[in-house]
file input_11.txt (compact mmCIF, C-alpha atoms and all ligand atoms)
# COMPACT_ATOMS: atom_id res chain seq x y z
CA MET A 35 -97.60 -102.24 -9.56
CA ALA A 36 -96.66 -105.85 -8.72
CA LEU A 37 -94.30 -107.90 -10.89
CA VAL A 38 -95.95 -108.54 -14.27
CA THR A 39 -95.62 -111.14 -17.01
CA THR A 40 -94.38 -110.05 -20.42
CA THR A 41 -97.70 -110.66 -22.21
CA GLU A 42 -98.98 -107.07 -22.15
CA MET A 43 -95.45 -105.64 -22.56
CA PHE A 44 -94.86 -107.64 -25.74
CA LYS A 45 -98.25 -106.85 -27.24
CA LYS A 46 -97.62 -103.12 -26.83
CA ALA A 47 -94.04 -103.45 -28.04
CA TYR A 48 -95.07 -105.41 -31.14
CA ASP A 49 -97.74 -102.92 -32.06
CA GLY A 50 -95.60 -99.92 -31.14
CA GLY A 51 -92.46 -100.91 -33.06
CA TYR A 52 -90.11 -101.02 -30.10
CA ALA A 53 -88.50 -103.69 -27.88
CA VAL A 54 -88.23 -104.19 -24.14
CA GLY A 55 -84.73 -104.57 -22.75
CA ALA A 56 -83.97 -107.74 -20.80
CA PHE A 57 -81.00 -107.07 -18.58
CA ASN A 58 -79.21 -109.71 -16.51
CA VAL A 59 -79.02 -109.03 -12.79
CA ASN A 60 -76.50 -110.45 -10.33
CA ASN A 61 -76.33 -108.00 -7.44
CA MET A 62 -77.94 -104.95 -5.88
CA GLU A 63 -76.01 -102.32 -7.81
CA ILE A 64 -76.99 -103.85 -11.16
CA VAL A 65 -80.68 -104.07 -10.18
CA GLN A 66 -80.59 -100.45 -9.02
CA GLY A 67 -78.74 -99.11 -12.06
CA ILE A 68 -81.16 -100.75 -14.51
CA THR A 69 -84.40 -99.91 -12.72
CA GLU A 70 -83.42 -96.33 -11.89
CA ALA A 71 -82.85 -95.72 -15.61
CA ALA A 72 -86.12 -97.46 -16.58
CA GLY A 73 -88.02 -95.64 -13.84
CA GLU A 74 -86.82 -92.20 -14.86
CA LEU A 75 -87.53 -92.87 -18.53
CA LYS A 76 -90.93 -94.49 -17.83
CA SER A 77 -89.88 -97.65 -19.65
CA PRO A 78 -91.04 -101.23 -19.12
CA VAL A 79 -88.13 -103.52 -18.25
CA ILE A 80 -87.33 -107.22 -17.86
CA LEU A 81 -84.86 -108.25 -15.17
CA GLN A 82 -83.48 -111.65 -15.95
CA VAL A 83 -81.63 -114.17 -13.84
CA SER A 84 -79.45 -116.94 -15.23
CA LYS A 85 -78.62 -120.26 -13.62
CA GLY A 86 -75.18 -118.78 -12.92
CA ALA A 87 -76.71 -115.72 -11.24
CA ARG A 88 -78.77 -117.96 -8.98
CA ALA A 89 -75.69 -119.96 -8.10
CA TYR A 90 -73.77 -116.73 -7.36
CA ALA A 91 -76.30 -114.61 -5.50
CA ASN A 92 -78.94 -117.15 -4.34
CA HIS A 93 -82.53 -117.26 -5.60
CA THR A 94 -84.05 -115.54 -2.55
CA TYR A 95 -81.63 -112.58 -2.58
CA LEU A 96 -82.27 -111.93 -6.26
CA VAL A 97 -86.06 -112.18 -5.95
CA LYS A 98 -86.06 -109.85 -2.95
CA LEU A 99 -83.80 -107.32 -4.71
CA VAL A 100 -86.16 -107.31 -7.67
CA GLU A 101 -89.18 -106.96 -5.37
CA ALA A 102 -87.46 -103.96 -3.79
CA ALA A 103 -87.00 -102.44 -7.25
CA VAL A 104 -90.72 -102.95 -7.92
CA ILE A 105 -91.57 -101.05 -4.72
CA GLU A 106 -89.13 -98.25 -5.56
CA ASN A 107 -90.43 -97.92 -9.15
CA PRO A 108 -94.21 -98.23 -8.85
CA GLU A 109 -94.95 -96.56 -12.18
CA ILE A 110 -93.24 -99.02 -14.53
CA PRO A 111 -94.01 -102.65 -15.38
CA ILE A 112 -91.18 -104.99 -14.33
CA ALA A 113 -91.00 -108.70 -15.23
CA LEU A 114 -88.71 -111.24 -13.56
CA HIS A 115 -87.45 -113.81 -16.05
CA LEU A 116 -85.31 -116.94 -15.91
CA ASP A 117 -82.63 -116.76 -18.62
CA HIS A 118 -81.61 -120.08 -20.25
CA GLY A 119 -83.39 -122.58 -18.03
CA ASP A 120 -82.03 -125.93 -19.15
CA THR A 121 -84.25 -128.37 -17.22
CA PHE A 122 -87.90 -128.66 -16.22
CA GLU A 123 -86.83 -128.71 -12.55
CA LEU A 124 -84.98 -125.37 -12.82
CA CYS A 125 -87.95 -123.74 -14.56
CA LYS A 126 -90.37 -125.18 -12.00
CA SER A 127 -88.24 -123.91 -9.15
CA CYS A 128 -88.34 -120.36 -10.58
CA ILE A 129 -92.08 -120.55 -11.36
CA ASP A 130 -92.74 -121.71 -7.78
CA GLY A 131 -90.30 -119.09 -6.49
CA GLY A 132 -91.90 -115.89 -7.77
CA PHE A 133 -90.68 -115.47 -11.37
CA THR A 134 -93.27 -114.23 -13.88
CA SER A 135 -91.50 -115.59 -16.96
CA VAL A 136 -89.08 -118.42 -17.71
CA MET A 137 -87.01 -119.48 -20.67
CA ILE A 138 -86.61 -123.15 -21.43
CA ASP A 139 -83.61 -123.48 -23.72
CA ALA A 140 -83.64 -126.92 -25.28
CA SER A 141 -82.20 -125.57 -28.52
CA SER A 142 -79.20 -127.88 -28.35
CA LYS A 143 -81.50 -130.92 -28.42
CA SER A 144 -83.29 -132.43 -31.41
CA PHE A 145 -86.40 -130.69 -32.76
CA GLU A 146 -88.70 -133.31 -31.21
CA GLU A 147 -86.91 -133.27 -27.82
CA ASN A 148 -86.99 -129.46 -27.83
CA ILE A 149 -90.74 -129.57 -28.43
CA ALA A 150 -91.35 -132.18 -25.71
CA LEU A 151 -89.39 -130.36 -23.00
CA THR A 152 -90.72 -126.92 -23.95
CA LYS A 153 -94.30 -128.24 -23.90
CA GLN A 154 -93.79 -129.73 -20.43
CA VAL A 155 -92.55 -126.36 -19.10
CA VAL A 156 -95.34 -124.43 -20.86
CA GLU A 157 -98.05 -126.61 -19.29
CA TYR A 158 -96.69 -126.13 -15.77
CA ALA A 159 -95.98 -122.41 -16.30
CA HIS A 160 -99.39 -121.57 -17.76
CA ASP A 161 -101.10 -123.42 -14.90
CA HIS A 162 -99.29 -120.99 -12.60
CA GLY A 163 -99.83 -117.77 -14.57
CA VAL A 164 -96.24 -117.65 -15.86
CA VAL A 165 -95.16 -117.19 -19.50
CA VAL A 166 -92.50 -119.14 -21.40
CA GLU A 167 -89.79 -118.20 -23.89
CA ALA A 168 -88.35 -121.02 -26.00
CA GLU A 169 -85.49 -121.15 -28.50
CA LEU A 170 -84.95 -122.52 -32.00
CA GLY A 171 -81.51 -122.31 -33.56
CA THR A 172 -78.20 -121.97 -31.74
CA LEU A 173 -76.18 -118.86 -30.95
CA ALA A 174 -72.41 -118.92 -30.85
CA GLY A 175 -70.50 -117.62 -27.85
CA ILE A 176 -70.34 -118.04 -24.10
CA GLU A 177 -72.90 -117.02 -21.50
CA ASP A 178 -72.49 -118.40 -18.01
CA GLU A 179 -72.97 -122.13 -18.52
CA VAL A 180 -74.09 -121.90 -22.14
CA VAL A 181 -71.07 -122.51 -24.34
CA VAL A 182 -71.27 -122.94 -28.10
CA GLU A 183 -68.00 -122.96 -30.01
CA ALA A 184 -67.65 -120.84 -33.13
CA GLY A 185 -68.69 -122.94 -36.10
CA HIS A 186 -71.29 -124.90 -34.11
CA GLU A 187 -73.91 -122.16 -34.17
CA SER A 188 -76.84 -122.48 -36.58
CA TYR A 189 -79.43 -120.01 -37.81
CA THR A 190 -83.07 -120.66 -36.99
CA ARG A 191 -84.84 -122.53 -39.79
CA PRO A 192 -87.96 -120.44 -40.55
CA GLU A 193 -89.78 -123.49 -41.92
CA GLU A 194 -89.78 -124.94 -38.38
CA VAL A 195 -91.16 -122.02 -36.39
CA GLU A 196 -94.91 -122.44 -36.96
CA GLU A 197 -94.95 -126.12 -36.02
CA PHE A 198 -92.74 -125.44 -32.99
CA VAL A 199 -94.89 -122.62 -31.63
CA SER A 200 -98.22 -124.36 -32.25
CA ARG A 201 -97.10 -127.68 -30.74
CA THR A 202 -95.40 -126.18 -27.66
CA GLY A 203 -97.73 -123.27 -26.90
CA CYS A 204 -94.74 -121.08 -25.98
CA ASP A 205 -95.38 -117.34 -25.54
CA SER A 206 -92.27 -115.98 -27.27
CA LEU A 207 -89.45 -117.40 -29.36
CA ALA A 208 -85.72 -116.70 -29.31
CA ILE A 209 -84.23 -117.09 -32.76
CA ALA A 210 -80.67 -117.17 -34.07
CA ILE A 211 -79.99 -114.60 -36.81
CA GLY A 212 -76.32 -113.93 -36.13
CA THR A 213 -76.24 -112.44 -32.64
CA SER A 214 -73.86 -114.12 -30.20
CA HIS A 215 -73.26 -114.42 -26.46
CA GLY A 216 -70.40 -112.71 -24.61
CA ALA A 217 -67.93 -109.90 -25.30
CA TYR A 218 -66.08 -111.82 -28.02
CA LYS A 219 -68.95 -112.42 -30.38
CA PHE A 220 -66.95 -112.89 -33.54
CA THR A 221 -63.49 -114.06 -34.49
CA ALA A 222 -61.29 -111.71 -36.49
CA ALA A 223 -61.70 -114.08 -39.45
CA GLN A 224 -65.48 -113.51 -39.44
CA CYS A 225 -65.09 -109.73 -39.50
CA THR A 226 -63.60 -106.87 -41.43
CA ARG A 227 -61.72 -104.01 -39.71
CA ASN A 228 -62.64 -100.35 -39.90
CA ALA A 229 -60.21 -97.44 -40.24
CA ASP A 230 -59.57 -97.45 -36.45
CA GLY A 231 -58.68 -101.14 -36.51
CA ILE A 232 -61.92 -102.10 -34.75
CA LEU A 233 -63.58 -105.35 -35.88
CA VAL A 234 -66.80 -104.92 -37.86
CA PRO A 235 -69.00 -108.02 -37.50
CA PRO A 236 -71.05 -109.63 -40.26
CA PRO A 237 -74.57 -108.14 -40.50
CA LEU A 238 -77.55 -109.82 -38.84
CA ARG A 239 -79.63 -112.10 -41.06
CA PHE A 240 -82.71 -109.93 -41.44
CA ASP A 241 -83.90 -112.26 -44.20
CA VAL A 242 -84.25 -115.06 -41.61
CA LEU A 243 -86.07 -112.69 -39.23
CA GLU A 244 -88.45 -111.50 -41.97
CA GLU A 245 -89.23 -115.08 -42.93
CA CYS A 246 -90.02 -115.97 -39.29
CA ILE A 247 -92.27 -112.90 -38.97
CA LYS A 248 -94.17 -113.89 -42.10
CA ARG A 249 -94.85 -117.34 -40.65
CA LEU A 250 -95.68 -116.08 -37.13
CA PRO A 251 -97.60 -112.83 -37.59
CA GLY A 252 -98.10 -110.97 -34.31
CA PHE A 253 -95.85 -113.33 -32.37
CA PRO A 254 -93.09 -111.85 -30.16
CA ILE A 255 -89.53 -112.66 -31.20
CA VAL A 256 -86.54 -112.50 -28.82
CA LEU A 257 -82.90 -111.73 -29.56
CA HIS A 258 -80.22 -113.09 -27.23
CA GLY A 259 -76.56 -112.08 -27.27
CA SER A 260 -77.38 -108.51 -28.20
CA SER A 261 -74.82 -106.45 -26.34
CA SER A 262 -73.09 -103.90 -28.51
CA VAL A 263 -69.80 -104.05 -26.56
CA PRO A 264 -69.35 -100.25 -26.54
CA GLN A 265 -65.77 -99.50 -27.51
CA GLU A 266 -65.57 -96.71 -24.90
CA PHE A 267 -65.79 -99.42 -22.18
CA VAL A 268 -63.39 -101.78 -23.94
CA LYS A 269 -60.94 -98.89 -24.24
CA MET A 270 -61.41 -98.05 -20.56
CA VAL A 271 -60.76 -101.65 -19.53
CA ASN A 272 -57.63 -101.84 -21.66
CA GLN A 273 -56.37 -98.40 -20.62
CA TYR A 274 -56.54 -99.25 -16.91
CA GLY A 275 -54.77 -102.56 -16.80
CA GLY A 276 -57.26 -104.89 -18.51
CA ASN A 277 -56.68 -107.01 -21.56
CA MET A 278 -59.66 -107.44 -23.86
CA PRO A 279 -58.36 -107.29 -27.42
CA ASP A 280 -60.90 -107.42 -30.24
CA ALA A 281 -63.99 -107.46 -28.00
CA VAL A 282 -66.84 -106.60 -30.37
CA GLY A 283 -70.64 -106.63 -30.33
CA ILE A 284 -73.79 -106.12 -32.39
CA PRO A 285 -74.04 -102.62 -33.92
CA GLU A 286 -76.80 -100.62 -32.25
CA GLU A 287 -78.43 -99.54 -35.50
CA GLN A 288 -79.07 -103.19 -36.41
CA LEU A 289 -80.72 -103.82 -33.04
CA ARG A 290 -82.79 -100.65 -33.47
CA LYS A 291 -84.01 -101.98 -36.80
CA ALA A 292 -84.88 -105.38 -35.24
CA ALA A 293 -86.80 -103.58 -32.48
CA THR A 294 -89.02 -101.84 -35.03
CA LEU A 295 -89.92 -105.28 -36.43
CA ALA A 296 -91.32 -108.24 -34.43
CA VAL A 297 -88.42 -108.35 -31.96
CA CYS A 298 -90.04 -107.51 -28.61
CA LYS A 299 -87.25 -108.53 -26.21
CA ILE A 300 -83.54 -107.77 -26.58
CA ASN A 301 -81.12 -109.38 -24.13
CA ILE A 302 -78.20 -107.36 -22.80
CA ASP A 303 -75.66 -108.68 -20.30
CA SER A 304 -72.08 -108.15 -21.46
CA ASP A 305 -72.53 -104.38 -21.76
CA ILE A 306 -73.43 -104.25 -18.04
CA ARG A 307 -70.30 -106.21 -17.16
CA LEU A 308 -68.15 -103.97 -19.33
CA ALA A 309 -69.63 -100.74 -17.95
CA MET A 310 -68.96 -101.86 -14.39
CA THR A 311 -65.52 -103.34 -14.99
CA GLY A 312 -64.26 -100.39 -17.02
CA ASN A 313 -65.38 -97.90 -14.40
CA ILE A 314 -64.09 -99.92 -11.44
CA ARG A 315 -60.69 -100.33 -13.12
CA LYS A 316 -60.57 -96.59 -13.78
CA TYR A 317 -61.55 -95.81 -10.20
CA PHE A 318 -58.87 -98.09 -8.75
CA ALA A 319 -56.22 -96.62 -11.04
CA GLU A 320 -57.16 -93.06 -10.04
CA HIS A 321 -57.65 -93.76 -6.32
CA PRO A 322 -55.13 -96.41 -5.31
CA ASP A 323 -55.61 -95.55 -1.62
CA HIS A 324 -59.39 -96.09 -1.54
CA PHE A 325 -60.74 -99.34 -0.14
CA ASP A 326 -64.43 -98.76 0.65
CA PRO A 327 -66.53 -100.82 -1.83
CA ARG A 328 -69.15 -98.06 -1.84
CA GLN A 329 -66.59 -95.71 -3.35
CA TYR A 330 -66.01 -97.78 -6.47
CA LEU A 331 -69.43 -99.43 -6.74
CA LYS A 332 -71.13 -96.04 -6.87
CA PRO A 333 -69.59 -95.01 -10.23
CA ALA A 334 -70.05 -98.59 -11.46
CA ARG A 335 -73.78 -98.41 -10.67
CA GLN A 336 -74.01 -94.99 -12.32
CA ALA A 337 -72.32 -96.39 -15.43
CA VAL A 338 -74.90 -99.19 -15.61
CA LYS A 339 -77.68 -96.63 -15.26
CA ASP A 340 -76.28 -94.37 -18.00
CA MET A 341 -75.71 -97.33 -20.34
CA VAL A 342 -79.24 -98.67 -19.81
CA ALA A 343 -80.73 -95.18 -20.30
CA HIS A 344 -78.89 -94.96 -23.62
CA LYS A 345 -80.24 -98.37 -24.73
CA ILE A 346 -83.80 -97.49 -23.73
CA GLN A 347 -83.77 -94.24 -25.70
CA TYR A 348 -81.63 -95.01 -28.72
CA VAL A 349 -81.72 -98.78 -29.25
CA LEU A 350 -84.93 -100.22 -27.73
CA GLY A 351 -87.20 -97.19 -28.16
CA SER A 352 -89.11 -98.13 -25.00
CA ASP A 353 -88.93 -94.76 -23.21
CA GLY A 354 -92.33 -93.38 -22.27
CA LYS A 355 -94.00 -96.75 -22.94
CA ALA A 356 -94.60 -97.82 -19.32
ZN ZN B 1 -78.91 -115.96 -24.11
call {"tool": "encode", "arguments": {"input": "input_11.txt", "output": "structure tokens", "more": "lines below"}}
Ligand SMILES: [Zn+2]
result
Amino acid sequence: MALVTTTEMFKKAYDGGYAVGAFNVNNMEIVQGITEAAGELKSPVILQVSKGARAYANHTYLVKLVEAAVIENPEIPIALHLDHGDTFELCKSCIDGGFTSVMIDASSKSFEENIALTKQVVEYAHDHGVVVEAELGTLAGIEDEVVVEAGHESYTRPEEVEEFVSRTGCDSLAIAIGTSHGAYKFTAAQCTRNADGILVPPPLRFDVLEECIKRLPGFPIVLHGSSSVPQEFVKMVNQYGGNMPDAVGIPEEQLRKAATLAVCKINIDSDIRLAMTGNIRKYFAEHPDHFDPRQYLKPARQAVKDMVAHKIQYVLGSDGKA
């Protein structure tokens, strides 16, 4: 199977009450970890590349790594998606360069400017057989070059979604219902603490999601900033010389619930970073004399694979849906 768009994936996910995981890729080990898990579990998967990933690894390397994953996993549908494109030129470059899906994120602009830029990208993308994700509302947090300070986020306004989708022609819509980018999604002041002293974030705004679904029946919704920041990895980082106090994410059961509704794509990046960093720190602490990158990247890759397998089975529900 060649690289696919997300059209068919989302239709099946919407009707089937599950979501497809969109995992950020930056190097070979991450691509392998994700696609080995998806391949073994017969799950569709979206590999997504940010502007920062392109700057780090180079467009061609990333596309070729993803094409290798497609060859190695012929039984599952794989889409290659641009995460947070911020200009027409960046989106065009990815459309021309082999991506099957792009996001144009003009959510920080005015409603009319967001529509105009999104529409421009949609027209070019659709002419080239590529699908487009757009965004309404603003998430808090930090992701590569997307930085929104706490207090400057805003929930999606459901009364705007129909007009936005019909005027832009976008294929899916990212909405803000309280998820957040990065490993520090919430300040202590926004949370309560459980008996173990771990921060418990405020619940997602399912009322906003339900209202959007009512106004856009059958239309695929996307959640960004949906890492759960597993405390086992945070603990591992902190135990082996790291310092990540109060890193906290979105509880998995809330994402599972969103996946059963109209949410067809759930973005996960920080959990990959944490899985790798925790395991590499542990490896270095336990083997101070080792210096071959293969020695510590192997358990890091395995940790990505195990984490993704867990998400596919227990959060996304996409296993067996290839
Ligand atoms: Zn995002």
call {"tool": "residues_near_ligand", "arguments": {"input": "input_11.txt", "ligand": "ligand ZN 1 (chain B)", "cutoff": "8 Å", "atoms": "all atoms listed in the file", "output": "PyMOL selection string"}}
result
chain A and resi 117-118+173+177+180+215+257-259+301
call {"tool": "closest_residue", "arguments": {"input": "input_11.txt", "among": "A:Pro327, A:Pro237, A:Pro279, A:Gly86", "to": "Ile211 (chain A)", "atoms": "only C-alpha atoms"}}
result
A:Pro237
call {"tool": "closest_residue", "arguments": {"input": "input_11.txt", "among": "A:Ala319, A:Asp326, A:Ile346, A:Gly312", "to": "Glu286 (chain A)", "atoms": "all atoms listed in the file"}}
result
A:Ile346
call {"tool": "closest_residue", "arguments": {"input": "input_11.txt", "among": "A:Val79, A:Met278, A:Ala56, A:Met62", "to": "Glu109 (chain A)", "atoms": "only C-alpha atoms"}}
result
A:Val79
call {"tool": "closest_atom_pairs", "arguments": {"input": "input_11.txt", "of": "region 115-140 of chain A", "to": "region 158-167 of chain A", "cutoff": "6 Å", "atoms": "all atoms listed in the file", "output": "CSV"}}
result
residue,atom,partner,partner_atom,distance
A:Thr134,CA,A:Val164,CA,4.9
A:Ser135,CA,A:Val165,CA,4.7
A:Val136,CA,A:Val166,CA,5.1
A:Met137,CA,A:Glu167,CA,4.4
call {"tool": "residues_around", "arguments": {"input": "input_11.txt", "residues": "region 219-227 of chain A", "least_positions_apart": "4", "cutoff": "12 Å", "atoms": "all atoms listed in the file", "output": "ChimeraX atom specification"}}
result
/A:173-177,181-185,187,212-215,231-237,258-263,279-285,304
call {"tool": "closest_atom_pairs", "arguments": {"input": "input_11.txt", "of": "region 89-189 of chain A", "to": "region 43-52 of chain A", "cutoff": "10 Å", "atoms": "all atoms listed in the file", "output": "tab-separated table"}}
result
residue	atom	partner	partner_atom	distance
A:Pro111	CA	A:Met43	CA	7.9
A:Ile112	CA	A:Met43	CA	9.3
A:Ala113	CA	A:Met43	CA	9.1
call {"tool": "write_last_selection", "arguments": {"input": "input_11.txt", "atoms": "C-alpha atoms", "output": "PDB file, in the coordinates of the input"}}
result
ATOM      1  CA  PRO A 111     -94.010-102.650 -15.380  1.00  0.00           C
ATOM      2  CA  ILE A 112     -91.180-104.990 -14.330  1.00  0.00           C
ATOM      3  CA  ALA A 113     -91.000-108.700 -15.230  1.00  0.00           C
TER       4      ALA A 113
END
call {"tool": "residues_around", "arguments": {"input": "input_11.txt", "residues": "Gly275 (chain A)", "least_positions_apart": "3", "cutoff": "8 Å", "atoms": "all atoms listed in the file", "output": "count of residues only"}}
result
3
call {"tool": "atom_distance", "arguments": {"input": "input_11.txt", "atom1": "CA of Val54 (chain A)", "atom2": "CA of Lys299 (chain A)"}}
result
4.9 Å
call {"tool": "decode", "arguments": {"input": "input_11.txt", "residues": "region 210-231 of chain A", "atoms": "N, CA and C atoms", "output": "PDB file, in the first residue's frame"}}
result
ATOM      1  N   ALA A 210     -10.143  23.434  20.169  1.00  0.00           N
ATOM      2  CA  ALA A 210      -9.555  23.608  21.497  1.00  0.00           C
ATOM      3  C   ALA A 210     -10.626  23.353  22.541  1.00  0.00           C
ATOM      4  N   ILE A 211     -10.469  22.251  23.300  1.00  0.00           N
ATOM      5  CA  ILE A 211     -11.439  21.930  24.363  1.00  0.00           C
ATOM      6  C   ILE A 211     -10.710  21.689  25.682  1.00  0.00           C
ATOM      7  N   GLY A 212      -9.470  22.209  25.773  1.00  0.00           N
ATOM      8  CA  GLY A 212      -8.748  22.092  27.036  1.00  0.00           C
ATOM      9  C   GLY A 212      -7.521  21.204  26.988  1.00  0.00           C
ATOM     10  N   THR A 213      -7.198  20.646  25.811  1.00  0.00           N
ATOM     11  CA  THR A 213      -5.912  19.965  25.684  1.00  0.00           C
ATOM     12  C   THR A 213      -4.838  21.039  25.515  1.00  0.00           C
ATOM     13  N   SER A 214      -3.566  20.644  25.589  1.00  0.00           N
ATOM     14  CA  SER A 214      -2.504  21.640  25.617  1.00  0.00           C
ATOM     15  C   SER A 214      -1.211  21.012  25.125  1.00  0.00           C
ATOM     16  N   HIS A 215      -0.375  21.804  24.469  1.00  0.00           N
ATOM     17  CA  HIS A 215       0.882  21.277  23.938  1.00  0.00           C
ATOM     18  C   HIS A 215       1.941  21.098  25.038  1.00  0.00           C
ATOM     19  N   GLY A 216       2.844  20.132  24.828  1.00  0.00           N
ATOM     20  CA  GLY A 216       4.021  20.006  25.692  1.00  0.00           C
ATOM     21  C   GLY A 216       3.832  19.078  26.872  1.00  0.00           C
ATOM     22  N   ALA A 217       4.864  19.007  27.724  1.00  0.00           N
ATOM     23  CA  ALA A 217       4.843  18.124  28.891  1.00  0.00           C
ATOM     24  C   ALA A 217       4.379  18.860  30.142  1.00  0.00           C
ATOM     25  N   TYR A 218       4.256  20.186  30.040  1.00  0.00           N
ATOM     26  CA  TYR A 218       3.770  20.986  31.171  1.00  0.00           C
ATOM     27  C   TYR A 218       2.466  21.645  30.738  1.00  0.00           C
ATOM     28  N   LYS A 219       1.432  20.842  30.669  1.00  0.00           N
ATOM     29  CA  LYS A 219       0.197  21.320  30.057  1.00  0.00           C
ATOM     30  C   LYS A 219      -0.569  22.284  30.946  1.00  0.00           C
ATOM     31  N   PHE A 220      -0.379  22.149  32.245  1.00  0.00           N
ATOM     32  CA  PHE A 220      -1.177  22.950  33.165  1.00  0.00           C
ATOM     33  C   PHE A 220      -0.296  23.451  34.306  1.00  0.00           C
ATOM     34  N   THR A 221      -0.602  24.641  34.784  1.00  0.00           N
ATOM     35  CA  THR A 221       0.105  25.138  35.962  1.00  0.00           C
ATOM     36  C   THR A 221      -0.533  24.502  37.193  1.00  0.00           C
ATOM     37  N   ALA A 222       0.233  24.494  38.288  1.00  0.00           N
ATOM     38  CA  ALA A 222      -0.281  23.906  39.528  1.00  0.00           C
ATOM     39  C   ALA A 222      -1.580  24.598  39.942  1.00  0.00           C
ATOM     40  N   ALA A 223      -1.667  25.902  39.638  1.00  0.00           N
ATOM     41  CA  ALA A 223      -2.860  26.661  40.043  1.00  0.00           C
ATOM     42  C   ALA A 223      -4.112  26.209  39.300  1.00  0.00           C
ATOM     43  N   GLN A 224      -3.923  25.622  38.093  1.00  0.00           N
ATOM     44  CA  GLN A 224      -5.081  25.165  37.320  1.00  0.00           C
ATOM     45  C   GLN A 224      -5.563  23.790  37.770  1.00  0.00           C
ATOM     46  N   CYS A 225      -4.736  23.110  38.592  1.00  0.00           N
ATOM     47  CA  CYS A 225      -4.989  21.702  38.904  1.00  0.00           C
ATOM     48  C   CYS A 225      -5.301  21.489  40.381  1.00  0.00           C
ATOM     49  N   THR A 226      -5.739  20.266  40.673  1.00  0.00           N
ATOM     50  CA  THR A 226      -5.749  19.800  42.051  1.00  0.00           C
ATOM     51  C   THR A 226      -4.631  18.767  42.159  1.00  0.00           C
ATOM     52  N   ARG A 227      -4.321  18.276  43.357  1.00  0.00           N
ATOM     53  CA  ARG A 227      -3.324  17.212  43.505  1.00  0.00           C
ATOM     54  C   ARG A 227      -3.985  15.968  44.074  1.00  0.00           C
ATOM     55  N   ASN A 228      -3.551  14.799  43.559  1.00  0.00           N
ATOM     56  CA  ASN A 228      -4.101  13.561  44.109  1.00  0.00           C
ATOM     57  C   ASN A 228      -3.303  13.133  45.342  1.00  0.00           C
ATOM     58  N   ALA A 229      -3.642  11.970  45.885  1.00  0.00           N
ATOM     59  CA  ALA A 229      -3.027  11.511  47.129  1.00  0.00           C
ATOM     60  C   ALA A 229      -1.506  11.343  46.993  1.00  0.00           C
ATOM     61  N   ASP A 230      -1.024  11.058  45.764  1.00  0.00           N
ATOM     62  CA  ASP A 230       0.418  10.884  45.543  1.00  0.00           C
ATOM     63  C   ASP A 230       1.118  12.211  45.247  1.00  0.00           C
ATOM     64  N   GLY A 231       0.374  13.307  45.299  1.00  0.00           N
ATOM     65  CA  GLY A 231       0.979  14.602  45.034  1.00  0.00           C
ATOM     66  C   GLY A 231       1.099  14.925  43.551  1.00  0.00           C
TER      67      GLY A 231
END
